[in-house]
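Input: a single structure, listed below in structure tokens.
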Amino acid sequence: MHHHKKIVIIGGGIAGLSAAVYALRCGYEVEVLEMHDIAGGLAMSWRRDPYTFETCLHWLVGSKPGGDLHAQWQEICDIDKLTFINPDEFVCMQNEHGDEMHIWTNVDRLQEELLRRVPGDAEAVSEFTRTIRALGKFRMLDPSGGLTENWLNLLRDMRTFPLLHKLSKMSGRDYGNRFTHPLLRTFFSNGDVGRLTSIAMILSLAWMNEGNAGYCIGGARSLIRLIEEKIAVLGGKIRFNARVTRILIEDNAAVGVQLAGGETIRADWVISAADGHTTHFDLLGGRYLDKATRRLYEHGDTFASYIQVSLGVACDLRDRPPMTSRILEKPIAVDPGTEVDTVGFRFFHFDPTFAPPGKIAITSVLPTRNFEFWNRLRQTDPPRYHAEKHRVANTIIEVLQRQVPAVRGNIEVVDVSTPATVFRYTGNWKGSMEGWLLLPGEGMKPLPSTLPGLDRFVMVGQWVLPGGGLPSGPITARPAVKLICRRDHVPFDLHAEPKPEMVGA
Ligand SMILES: Cc1cc2nc3c(=O)[nH]c(=O)nc-3n(C[C@H](O)[C@H](O)[C@H](O)COP(=O)(O)OP(=O)(O)OC[C@H]3O[C@@H](n4cnc5c(N)ncnc54)[C@H](O)[C@@H]3O)c2cc1C
């Protein structure tokens, strides 16, 4: 069904790659242009021998065969080739006085733990665990339903269940306030989780309880590699070190792109899977925003950026929980204007590909909204930039050594990435980790993927779907390619997958 129509896709993150697969399966010729020398965008890890440090993957919604979203991942790649694990524990909340609370992924076990630890909160605990069970029952995301229909389904479910409607209007922090135990309150109010609609965290727990939010061995890169393989099999092309600087427009229609260096590439359609701010304001010169979208870019709330301290430690820490979140006695100064009073660690003993036996990769992510500080420092004062990275790393190492004394003297590798790093490698506005915050009461509406006055152009990715996450890739890519097919009178038929030898024939 090849029809000699070409789509260029800007950005090789999960969204750009997902769009590439859908377009190839519908017979389009596809060229993905990625500015970095590797695909994945935020879905990334890096190697510092002998360790690998993951930045993205905690859980992948859709990991369970037959579960919500699984069928959609199967449209993109052979997801069942990945090895998923479902950790028993989501996070262990701790303070510096030795008090701990385990947030188990199994809801029965979680209920038992919470009722035992905070009997005074029995009513709130029961409502919490009841909600986790209830949310696990809905099939909210049906790929064949399309984006709008799915969100309408969700809203309908919310109306049917007043409890869910109420939750969607409540922030994580407000939800946490119904509990008296400080560790439990912190679980709901920590960082951006406290500002998001409470439904985000409870839904994640619901998916974990169902075993449908697993971690795949090898982290996010293993998923990205699978999709790259699929693109290659289907005859698609990913071009690296190809930074798009401009979208070419003729007669109010996108006709291709220009790369840094001046080369132009013509196409029938342009899909931008790059950062939304770059797309609107750099590649399109700010000419195609409707009022609401412009207002969002002026006043909207984005997820924080982050500093990641990654440590390679020659210790066997298999007995640690996979993730801890520790409330500190004294807050830590991250940068001007940013203090954190809770520090999380991920202990990657559950992924044998990340360290040799007897050793472990440990990461800590510190959220900050002071992107400017780090970006300016990196550009204008490299020695101070490095000194600040060093200072933050040492502070975090201190916290870790208090928590796990065995680490002392065994740290072999220290790696620090900053918001400037996130920006340099992914182009995300203000180094944001997930795009727009899904705020309470704002509904969960996607942004328009087509722009007023601009034909033959579509946007996909985390900047189109508030809340972001890896699923936002396929969830936005599918309707985008469907729309293109409809306009071109090409059947959106994923069963008629073209044979590789036919592609480009
Ligand atoms: C710390 C952290 C933890 C996370 N945890 C999870 C999790 O557990 N589960 C989950 O589902 N999600 C998680 N996420 C979110 C998830 O990683 C993102 O939402 C998702 O990867 C975004 O994909 P994207 O393709 O929309 O954007 P991106 O990944 O940002 O991809 C955009 C791509 O476009 C390229 N690009 C940008 N500008 C240009 C240009 N001008 N020319 C060419 N190329 C360009 C970039 O290099 C990049 O590759 C996490 C994110 C972070 C940072």
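Residues are named by chain letter and number: chains run A, B, ... in the order of the structure tokens, numbers start at 1 in each chain, and ligands are numbered from 1 in the order shown.
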
With only C-alpha atoms as the counted atoms, please give the residues lying no more than 7 Å from A:Asn106, apart from itself and same-chain residues fewer than 2 positions off, as a PDB file with N, CA and C atoms, in the first residue's frame.
```
ATOM      1  N   ASP A  88       7.650  -5.641  44.548  1.00  0.00           N
ATOM      2  CA  ASP A  88       6.655  -5.740  45.622  1.00  0.00           C
ATOM      3  C   ASP A  88       6.421  -4.378  46.266  1.00  0.00           C
ATOM      4  N   TRP A 104       3.488  -0.692  49.609  1.00  0.00           N
ATOM      5  CA  TRP A 104       3.527  -1.909  48.798  1.00  0.00           C
ATOM      6  C   TRP A 104       2.707  -1.719  47.532  1.00  0.00           C
ATOM      7  N   ASP A 108      -3.755  -5.134  48.985  1.00  0.00           N
ATOM      8  CA  ASP A 108      -4.134  -5.794  50.246  1.00  0.00           C
ATOM      9  C   ASP A 108      -3.018  -5.637  51.281  1.00  0.00           C
ATOM     10  N   ARG A 109      -1.813  -5.845  50.788  1.00  0.00           N
ATOM     11  CA  ARG A 109      -0.659  -5.723  51.675  1.00  0.00           C
ATOM     12  C   ARG A 109      -0.490  -4.267  52.132  1.00  0.00           C
ATOM     13  N   LEU A 110      -0.744  -3.369  51.215  1.00  0.00           N
ATOM     14  CA  LEU A 110      -0.640  -1.940  51.544  1.00  0.00           C
ATOM     15  C   LEU A 110      -1.656  -1.570  52.622  1.00  0.00           C
ATOM     16  N   ASN A 209      -0.903  -2.233  41.212  1.00  0.00           N
ATOM     17  CA  ASN A 209      -1.618  -3.317  41.877  1.00  0.00           C
ATOM     18  C   ASN A 209      -2.083  -4.367  40.862  1.00  0.00           C
TER      19      ASN A 209
END
```

Test item: residues at most 6 Å from stretch 212-215 of chain A, only C-alpha atoms, excluding those fewer than 4 positions along its chain, as a list in words: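 Answer for this query is Trp59, Leu60, Val61, Gly62, Ser63, Lys64, Phe84, Ile85, Asn86, Trp207 and Met208 of chain A.
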
For the selection just defined, write its residues with C-alpha atoms to a file, as a CSV table (one decimal), in the first residue's frame.
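Below you can see result.csv, which holds the result:
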```
chain,number,residue,atom,x,y,z
A,59,TRP,CA,7.1,2.1,35.6
A,60,LEU,CA,5.6,1.5,32.2
A,61,VAL,CA,1.8,1.5,32.0
A,62,GLY,CA,0.7,-1.2,29.6
A,63,SER,CA,3.3,-3.8,30.6
A,64,LYS,CA,0.8,-6.6,31.3
A,84,PHE,CA,9.1,-6.9,33.0
A,85,ILE,CA,9.4,-7.1,36.7
A,86,ASN,CA,6.8,-5.9,39.2
A,207,TRP,CA,-1.9,0.0,37.6
A,208,MET,CA,0.9,-1.3,39.9
```

Given only C-alpha atoms and all ligand atoms as the basis, pick out the residue of A:Leu203, A:Ala420, A:Val460, A:Leu184 nearest to ligand 1.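 That would be A:Val460, the residue with the smallest distance to ligand 1.
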
Please identify all protein, DNA and RNA residues within 7 Å of ligand 1, counting only C-alpha atoms and all ligand atoms, and report them as a PyMOL selection string. chain A and resi 10-16+33-36+39-43+55-61+242-245+273-275+278+365+425-428+433-434+460-463+468-473

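Across A:Asp37, A:Asp174, A:Asp455, A:Asp316, the tightest approach to A:Ile199 is made by A:Asp174 when counting only C-alpha atoms.
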
Near stretch 193-196 of chain A, counting only C-alpha atoms, which residues have an atom at most 7 Å away, once you skip same-chain residues fewer than 4 positions from it, shown as an MDAnalysis selection string? chainID A and resid 171:173 188:189 200 437:440

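Every residue of stretch 66-104 of chain A found in helix (DSSP H, G or I) when DSSP is run on the backbone appears here: His70, Ala71, Gln72, Trp73, Gln74, Glu75, Ile76, Ile79, Asp80 and Lys81 of chain A.
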
Produce a file of the selected residues containing all heavy atoms, as a PDB file, in the first residue's frame.
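Output file out.pdb follows:
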```pdb
ATOM      1  N   HIS A  70      -1.727  -2.186  26.783  1.00  0.00           N
ATOM      2  CA  HIS A  70      -0.780  -3.184  26.265  1.00  0.00           C
ATOM      3  C   HIS A  70      -0.933  -3.344  24.745  1.00  0.00           C
ATOM      4  O   HIS A  70       0.050  -3.384  24.000  1.00  0.00           O
ATOM      5  CB  HIS A  70      -0.981  -4.524  26.961  1.00  0.00           C
ATOM      6  CG  HIS A  70       0.073  -5.533  26.618  1.00  0.00           C
ATOM      7  ND1 HIS A  70       1.323  -5.514  27.175  1.00  0.00           N
ATOM      8  CD2 HIS A  70       0.070  -6.574  25.741  1.00  0.00           C
ATOM      9  CE1 HIS A  70       2.044  -6.499  26.680  1.00  0.00           C
ATOM     10  NE2 HIS A  70       1.306  -7.161  25.804  1.00  0.00           N
ATOM     11  N   ALA A  71      -2.197  -3.383  24.310  1.00  0.00           N
ATOM     12  CA  ALA A  71      -2.450  -3.574  22.880  1.00  0.00           C
ATOM     13  C   ALA A  71      -1.842  -2.423  22.075  1.00  0.00           C
ATOM     14  O   ALA A  71      -1.373  -2.613  20.952  1.00  0.00           O
ATOM     15  CB  ALA A  71      -3.949  -3.654  22.630  1.00  0.00           C
ATOM     16  N   GLN A  72      -1.845  -1.254  22.669  1.00  0.00           N
ATOM     17  CA  GLN A  72      -1.280  -0.123  21.927  1.00  0.00           C
ATOM     18  C   GLN A  72       0.248  -0.245  21.811  1.00  0.00           C
ATOM     19  O   GLN A  72       0.825   0.030  20.768  1.00  0.00           O
ATOM     20  CB  GLN A  72      -1.654   1.199  22.585  1.00  0.00           C
ATOM     21  CG  GLN A  72      -1.152   2.357  21.748  1.00  0.00           C
ATOM     22  CD  GLN A  72      -1.979   3.606  21.847  1.00  0.00           C
ATOM     23  OE1 GLN A  72      -2.759   3.781  22.776  1.00  0.00           O
ATOM     24  NE2 GLN A  72      -1.818   4.496  20.888  1.00  0.00           N
ATOM     25  N   TRP A  73       0.898  -0.690  22.884  1.00  0.00           N
ATOM     26  CA  TRP A  73       2.348  -0.911  22.776  1.00  0.00           C
ATOM     27  C   TRP A  73       2.647  -1.977  21.735  1.00  0.00           C
ATOM     28  O   TRP A  73       3.644  -1.903  21.017  1.00  0.00           O
ATOM     29  CB  TRP A  73       2.939  -1.304  24.135  1.00  0.00           C
ATOM     30  CG  TRP A  73       3.056  -0.152  25.101  1.00  0.00           C
ATOM     31  CD1 TRP A  73       2.415  -0.031  26.301  1.00  0.00           C
ATOM     32  CD2 TRP A  73       3.858   1.036  24.955  1.00  0.00           C
ATOM     33  NE1 TRP A  73       2.770   1.161  26.913  1.00  0.00           N
ATOM     34  CE2 TRP A  73       3.646   1.820  26.107  1.00  0.00           C
ATOM     35  CE3 TRP A  73       4.719   1.497  23.963  1.00  0.00           C
ATOM     36  CZ2 TRP A  73       4.278   3.061  26.298  1.00  0.00           C
ATOM     37  CZ3 TRP A  73       5.343   2.730  24.149  1.00  0.00           C
ATOM     38  CH2 TRP A  73       5.123   3.494  25.305  1.00  0.00           C
ATOM     39  N   GLN A  74       1.771  -2.975  21.638  1.00  0.00           N
ATOM     40  CA  GLN A  74       1.999  -4.030  20.628  1.00  0.00           C
ATOM     41  C   GLN A  74       1.911  -3.475  19.204  1.00  0.00           C
ATOM     42  O   GLN A  74       2.505  -4.026  18.293  1.00  0.00           O
ATOM     43  CB  GLN A  74       0.977  -5.150  20.799  1.00  0.00           C
ATOM     44  CG  GLN A  74       1.312  -6.071  21.960  1.00  0.00           C
ATOM     45  CD  GLN A  74       0.247  -7.138  22.144  1.00  0.00           C
ATOM     46  OE1 GLN A  74      -0.949  -6.840  22.125  1.00  0.00           O
ATOM     47  NE2 GLN A  74       0.669  -8.369  22.334  1.00  0.00           N
ATOM     48  N   GLU A  75       1.138  -2.409  19.043  1.00  0.00           N
ATOM     49  CA  GLU A  75       1.080  -1.801  17.710  1.00  0.00           C
ATOM     50  C   GLU A  75       2.422  -1.160  17.347  1.00  0.00           C
ATOM     51  O   GLU A  75       2.757  -1.008  16.180  1.00  0.00           O
ATOM     52  CB  GLU A  75      -0.017  -0.727  17.670  1.00  0.00           C
ATOM     53  CG  GLU A  75      -1.421  -1.299  17.750  1.00  0.00           C
ATOM     54  CD  GLU A  75      -2.492  -0.212  17.733  1.00  0.00           C
ATOM     55  OE1 GLU A  75      -2.167   0.988  17.920  1.00  0.00           O
ATOM     56  OE2 GLU A  75      -3.669  -0.560  17.536  1.00  0.00           O
ATOM     57  N   ILE A  76       3.168  -0.755  18.374  1.00  0.00           N
ATOM     58  CA  ILE A  76       4.408   0.002  18.160  1.00  0.00           C
ATOM     59  C   ILE A  76       5.628  -0.917  18.070  1.00  0.00           C
ATOM     60  O   ILE A  76       6.575  -0.645  17.352  1.00  0.00           O
ATOM     61  CB  ILE A  76       4.629   0.975  19.352  1.00  0.00           C
ATOM     62  CG1 ILE A  76       3.472   1.971  19.467  1.00  0.00           C
ATOM     63  CG2 ILE A  76       5.948   1.707  19.263  1.00  0.00           C
ATOM     64  CD1 ILE A  76       3.389   2.905  18.299  1.00  0.00           C
ATOM     65  N   ILE A  79       6.446  -5.658  22.283  1.00  0.00           N
ATOM     66  CA  ILE A  79       6.639  -5.320  23.698  1.00  0.00           C
ATOM     67  C   ILE A  79       6.875  -6.567  24.555  1.00  0.00           C
ATOM     68  O   ILE A  79       7.573  -6.506  25.568  1.00  0.00           O
ATOM     69  CB  ILE A  79       5.417  -4.501  24.214  1.00  0.00           C
ATOM     70  CG1 ILE A  79       5.618  -3.987  25.629  1.00  0.00           C
ATOM     71  CG2 ILE A  79       4.118  -5.281  24.138  1.00  0.00           C
ATOM     72  CD1 ILE A  79       6.230  -2.651  25.714  1.00  0.00           C
ATOM     73  N   ASP A  80       6.291  -7.707  24.119  1.00  0.00           N
ATOM     74  CA  ASP A  80       6.419  -8.918  24.938  1.00  0.00           C
ATOM     75  C   ASP A  80       7.830  -9.510  24.907  1.00  0.00           C
ATOM     76  O   ASP A  80       8.125 -10.443  25.647  1.00  0.00           O
ATOM     77  CB  ASP A  80       5.361  -9.948  24.520  1.00  0.00           C
ATOM     78  CG  ASP A  80       3.956  -9.390  24.773  1.00  0.00           C
ATOM     79  OD1 ASP A  80       3.767  -8.757  25.824  1.00  0.00           O
ATOM     80  OD2 ASP A  80       3.075  -9.556  23.905  1.00  0.00           O
ATOM     81  N   LYS A  81       8.694  -8.927  24.088  1.00  0.00           N
ATOM     82  CA  LYS A  81      10.102  -9.351  24.098  1.00  0.00           C
ATOM     83  C   LYS A  81      10.830  -8.793  25.325  1.00  0.00           C
ATOM     84  O   LYS A  81      11.903  -9.261  25.674  1.00  0.00           O
ATOM     85  CB  LYS A  81      10.808  -8.827  22.848  1.00  0.00           C
ATOM     86  CG  LYS A  81      10.665  -9.698  21.643  1.00  0.00           C
ATOM     87  CD  LYS A  81      11.657  -9.219  20.584  1.00  0.00           C
ATOM     88  CE  LYS A  81      11.573 -10.043  19.332  1.00  0.00           C
ATOM     89  NZ  LYS A  81      12.189  -9.336  18.202  1.00  0.00           N
TER      90      LYS A  81
END
```

Which residue of A:Glu127, A:Asp290, A:Glu442, A:Asp268 approaches A:Val30 most closely, using only C-alpha atoms: A:Asp268

I'd like to know which of A:Arg424, A:His97, A:Arg47, A:Arg326 is closest to A:Trp374, using only C-alpha atoms.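 Comparing A:Arg424, A:His97, A:Arg47, A:Arg326 against A:Trp374, the winner is A:Arg424.
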
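If you measure from each of A:Pro87, A:Pro162, A:Gly191, A:Gly235 to A:Ile103 using only C-alpha atoms, the closest one turns out to be A:Pro87.
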
Spatial neighbours of A:Asn95, 10 Å, only C-alpha atoms, chain gap at least 6 places, as a PDB file with N, CA and C atoms, in the first residue's frame:
```
ATOM      1  N   MET A 101       7.900   3.484  56.500  1.00  0.00           N
ATOM      2  CA  MET A 101       6.575   2.997  56.097  1.00  0.00           C
ATOM      3  C   MET A 101       6.674   2.464  54.665  1.00  0.00           C
ATOM      4  N   PRO A 182       2.938  11.627  59.355  1.00  0.00           N
ATOM      5  CA  PRO A 182       3.764  12.499  58.502  1.00  0.00           C
ATOM      6  C   PRO A 182       4.378  11.776  57.296  1.00  0.00           C
ATOM      7  N   LEU A 183       4.741  10.494  57.451  1.00  0.00           N
ATOM      8  CA  LEU A 183       5.351   9.790  56.317  1.00  0.00           C
ATOM      9  C   LEU A 183       4.329   9.604  55.195  1.00  0.00           C
ATOM     10  N   SER A 325      12.378   7.122  50.078  1.00  0.00           N
ATOM     11  CA  SER A 325      12.166   8.563  50.089  1.00  0.00           C
ATOM     12  C   SER A 325      12.349   9.003  51.537  1.00  0.00           C
ATOM     13  N   ARG A 326      13.359   9.831  51.792  1.00  0.00           N
ATOM     14  CA  ARG A 326      13.770  10.100  53.166  1.00  0.00           C
ATOM     15  C   ARG A 326      13.501  11.554  53.525  1.00  0.00           C
ATOM     16  N   ILE A 327      12.751  11.742  54.578  1.00  0.00           N
ATOM     17  CA  ILE A 327      12.479  13.112  55.052  1.00  0.00           C
ATOM     18  C   ILE A 327      13.663  13.543  55.902  1.00  0.00           C
ATOM     19  N   LEU A 328      14.249  14.678  55.537  1.00  0.00           N
ATOM     20  CA  LEU A 328      15.469  15.123  56.209  1.00  0.00           C
ATOM     21  C   LEU A 328      15.149  16.003  57.413  1.00  0.00           C
ATOM     22  N   GLU A 329      16.047  15.960  58.377  1.00  0.00           N
ATOM     23  CA  GLU A 329      15.931  16.864  59.532  1.00  0.00           C
ATOM     24  C   GLU A 329      16.167  18.305  59.094  1.00  0.00           C
ATOM     25  N   THR A 342      13.120  16.352  51.274  1.00  0.00           N
ATOM     26  CA  THR A 342      12.982  14.906  51.103  1.00  0.00           C
ATOM     27  C   THR A 342      13.922  14.475  49.981  1.00  0.00           C
ATOM     28  N   GLN A 403      22.102   7.048  55.598  1.00  0.00           N
ATOM     29  CA  GLN A 403      21.027   6.067  55.419  1.00  0.00           C
ATOM     30  C   GLN A 403      21.581   4.646  55.283  1.00  0.00           C
TER      31      GLN A 403
END
```

Using only C-alpha atoms for the distances, tell me which of A:Val392, A:Thr353, A:Gly441, A:Asp192 is nearest to A:Leu167.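 Among A:Val392, A:Thr353, A:Gly441, A:Asp192, it is A:Gly441 that comes nearest to A:Leu167.
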
Just list as a PyMOL selection string whatever in stretch 108-335 of chain A DSSP marks as strand (DSSP E or B). chain A and resi 171+197+213-216+237-239+244-250+253-259+264-266+269-272+302+305-313+323-335

Quick one: which stretch 273-341 of chain A residues come within 12 Å of stretch 248-261 of chain A, and what is the nearest atom pair for each with the distance in Å to one decimal, counting only C-alpha atoms, rows ordered by chain and ascending number, as a tab-separated table?
```
residue	atom	partner	partner_atom	distance
A:Thr279	CA	A:Val257	CA	11.6
A:Asp282	CA	A:Gln258	CA	12.0
A:Leu283	CA	A:Leu248	CA	8.7
A:Leu284	CA	A:Leu248	CA	8.5
A:Gly285	CA	A:Leu248	CA	11.0
A:Arg287	CA	A:Asn252	CA	10.8
A:Tyr288	CA	A:Asn252	CA	10.1
```

I'd like the contact shell of A:Val313 - 10 Å cut-off, only C-alpha atoms, skipping same-chain residues fewer than 3 positions apart - returned as a PDB file with N, CA, C and O atoms, in the first residue's frame.
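This went into out03.pdb:
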```
ATOM      1  N   TYR A  51      28.974   0.851  35.209  1.00  0.00           N
ATOM      2  CA  TYR A  51      27.588   1.083  35.640  1.00  0.00           C
ATOM      3  C   TYR A  51      26.750   1.705  34.515  1.00  0.00           C
ATOM      4  O   TYR A  51      27.286   2.401  33.648  1.00  0.00           O
ATOM      5  N   SER A 310      24.071  10.324  40.240  1.00  0.00           N
ATOM      6  CA  SER A 310      24.124   8.874  40.006  1.00  0.00           C
ATOM      7  C   SER A 310      25.424   8.333  40.586  1.00  0.00           C
ATOM      8  O   SER A 310      26.495   8.906  40.352  1.00  0.00           O
ATOM      9  N   ASP A 316      27.027  -4.895  47.860  1.00  0.00           N
ATOM     10  CA  ASP A 316      25.850  -5.699  47.561  1.00  0.00           C
ATOM     11  C   ASP A 316      24.703  -5.184  48.425  1.00  0.00           C
ATOM     12  O   ASP A 316      24.705  -5.375  49.639  1.00  0.00           O
ATOM     13  N   LEU A 317      23.755  -4.484  47.818  1.00  0.00           N
ATOM     14  CA  LEU A 317      22.661  -3.888  48.615  1.00  0.00           C
ATOM     15  C   LEU A 317      21.324  -4.511  48.224  1.00  0.00           C
ATOM     16  O   LEU A 317      20.299  -3.837  48.208  1.00  0.00           O
ATOM     17  N   ALA A 355      24.810  -3.108  36.621  1.00  0.00           N
ATOM     18  CA  ALA A 355      26.061  -3.182  37.388  1.00  0.00           C
ATOM     19  C   ALA A 355      26.504  -4.634  37.462  1.00  0.00           C
ATOM     20  O   ALA A 355      25.665  -5.536  37.429  1.00  0.00           O
ATOM     21  N   GLY A 358      27.513  -7.927  42.731  1.00  0.00           N
ATOM     22  CA  GLY A 358      28.164  -7.384  43.925  1.00  0.00           C
ATOM     23  C   GLY A 358      28.275  -5.871  43.919  1.00  0.00           C
ATOM     24  O   GLY A 358      28.741  -5.258  44.887  1.00  0.00           O
ATOM     25  N   LYS A 359      27.859  -5.236  42.806  1.00  0.00           N
ATOM     26  CA  LYS A 359      27.900  -3.770  42.728  1.00  0.00           C
ATOM     27  C   LYS A 359      26.503  -3.257  42.398  1.00  0.00           C
ATOM     28  O   LYS A 359      25.635  -4.026  41.988  1.00  0.00           O
ATOM     29  N   ILE A 360      26.323  -1.951  42.552  1.00  0.00           N
ATOM     30  CA  ILE A 360      24.970  -1.418  42.342  1.00  0.00           C
ATOM     31  C   ILE A 360      24.998   0.024  41.827  1.00  0.00           C
ATOM     32  O   ILE A 360      25.859   0.816  42.214  1.00  0.00           O
ATOM     33  N   ALA A 361      24.042   0.319  40.930  1.00  0.00           N
ATOM     34  CA  ALA A 361      23.827   1.700  40.490  1.00  0.00           C
ATOM     35  C   ALA A 361      22.741   2.310  41.383  1.00  0.00           C
ATOM     36  O   ALA A 361      21.702   1.690  41.619  1.00  0.00           O
ATOM     37  N   ILE A 362      23.021   3.500  41.900  1.00  0.00           N
ATOM     38  CA  ILE A 362      22.053   4.204  42.770  1.00  0.00           C
ATOM     39  C   ILE A 362      21.851   5.598  42.176  1.00  0.00           C
ATOM     40  O   ILE A 362      22.818   6.258  41.800  1.00  0.00           O
ATOM     41  N   ALA A 406      27.070   1.277  54.796  1.00  0.00           N
ATOM     42  CA  ALA A 406      27.959   0.380  54.032  1.00  0.00           C
ATOM     43  C   ALA A 406      28.496   1.029  52.758  1.00  0.00           C
ATOM     44  O   ALA A 406      29.490   0.583  52.187  1.00  0.00           O
ATOM     45  N   VAL A 407      27.839   2.078  52.323  1.00  0.00           N
ATOM     46  CA  VAL A 407      28.243   2.738  51.079  1.00  0.00           C
ATOM     47  C   VAL A 407      29.591   3.455  51.241  1.00  0.00           C
ATOM     48  O   VAL A 407      30.404   3.536  50.318  1.00  0.00           O
ATOM     49  N   ARG A 408      29.834   3.936  52.448  1.00  0.00           N
ATOM     50  CA  ARG A 408      31.042   4.740  52.720  1.00  0.00           C
ATOM     51  C   ARG A 408      32.311   4.002  52.269  1.00  0.00           C
ATOM     52  O   ARG A 408      32.505   2.827  52.559  1.00  0.00           O
ATOM     53  N   GLY A 409      33.123   4.713  51.504  1.00  0.00           N
ATOM     54  CA  GLY A 409      34.388   4.140  51.035  1.00  0.00           C
ATOM     55  C   GLY A 409      34.242   3.233  49.822  1.00  0.00           C
ATOM     56  O   GLY A 409      35.233   2.740  49.292  1.00  0.00           O
ATOM     57  N   ASN A 410      32.989   3.007  49.363  1.00  0.00           N
ATOM     58  CA  ASN A 410      32.777   2.077  48.251  1.00  0.00           C
ATOM     59  C   ASN A 410      32.216   2.742  46.988  1.00  0.00           C
ATOM     60  O   ASN A 410      31.788   2.051  46.066  1.00  0.00           O
ATOM     61  N   ILE A 411      32.206   4.064  46.990  1.00  0.00           N
ATOM     62  CA  ILE A 411      31.652   4.744  45.820  1.00  0.00           C
ATOM     63  C   ILE A 411      32.736   4.829  44.742  1.00  0.00           C
ATOM     64  O   ILE A 411      33.772   5.447  44.939  1.00  0.00           O
ATOM     65  N   GLU A 412      32.456   4.193  43.598  1.00  0.00           N
ATOM     66  CA  GLU A 412      33.464   4.135  42.528  1.00  0.00           C
ATOM     67  C   GLU A 412      33.223   5.179  41.443  1.00  0.00           C
ATOM     68  O   GLU A 412      34.160   5.619  40.786  1.00  0.00           O
ATOM     69  N   VAL A 413      31.951   5.515  41.230  1.00  0.00           N
ATOM     70  CA  VAL A 413      31.623   6.450  40.146  1.00  0.00           C
ATOM     71  C   VAL A 413      30.611   7.466  40.661  1.00  0.00           C
ATOM     72  O   VAL A 413      29.639   7.092  41.333  1.00  0.00           O
ATOM     73  N   VAL A 414      30.853   8.747  40.380  1.00  0.00           N
ATOM     74  CA  VAL A 414      29.883   9.798  40.707  1.00  0.00           C
ATOM     75  C   VAL A 414      29.594  10.546  39.411  1.00  0.00           C
ATOM     76  O   VAL A 414      30.511  10.985  38.718  1.00  0.00           O
TER      77      VAL A 414
END
```

Determine, counting only C-alpha atoms, which protein, DNA and RNA residues have an atom within 9 Å of an atom of A:Val32; residues of the same chain fewer than 4 positions away are not included. Present the result as an MDAnalysis selection string. chainID A and resid 7:12 16:17 20 236:240
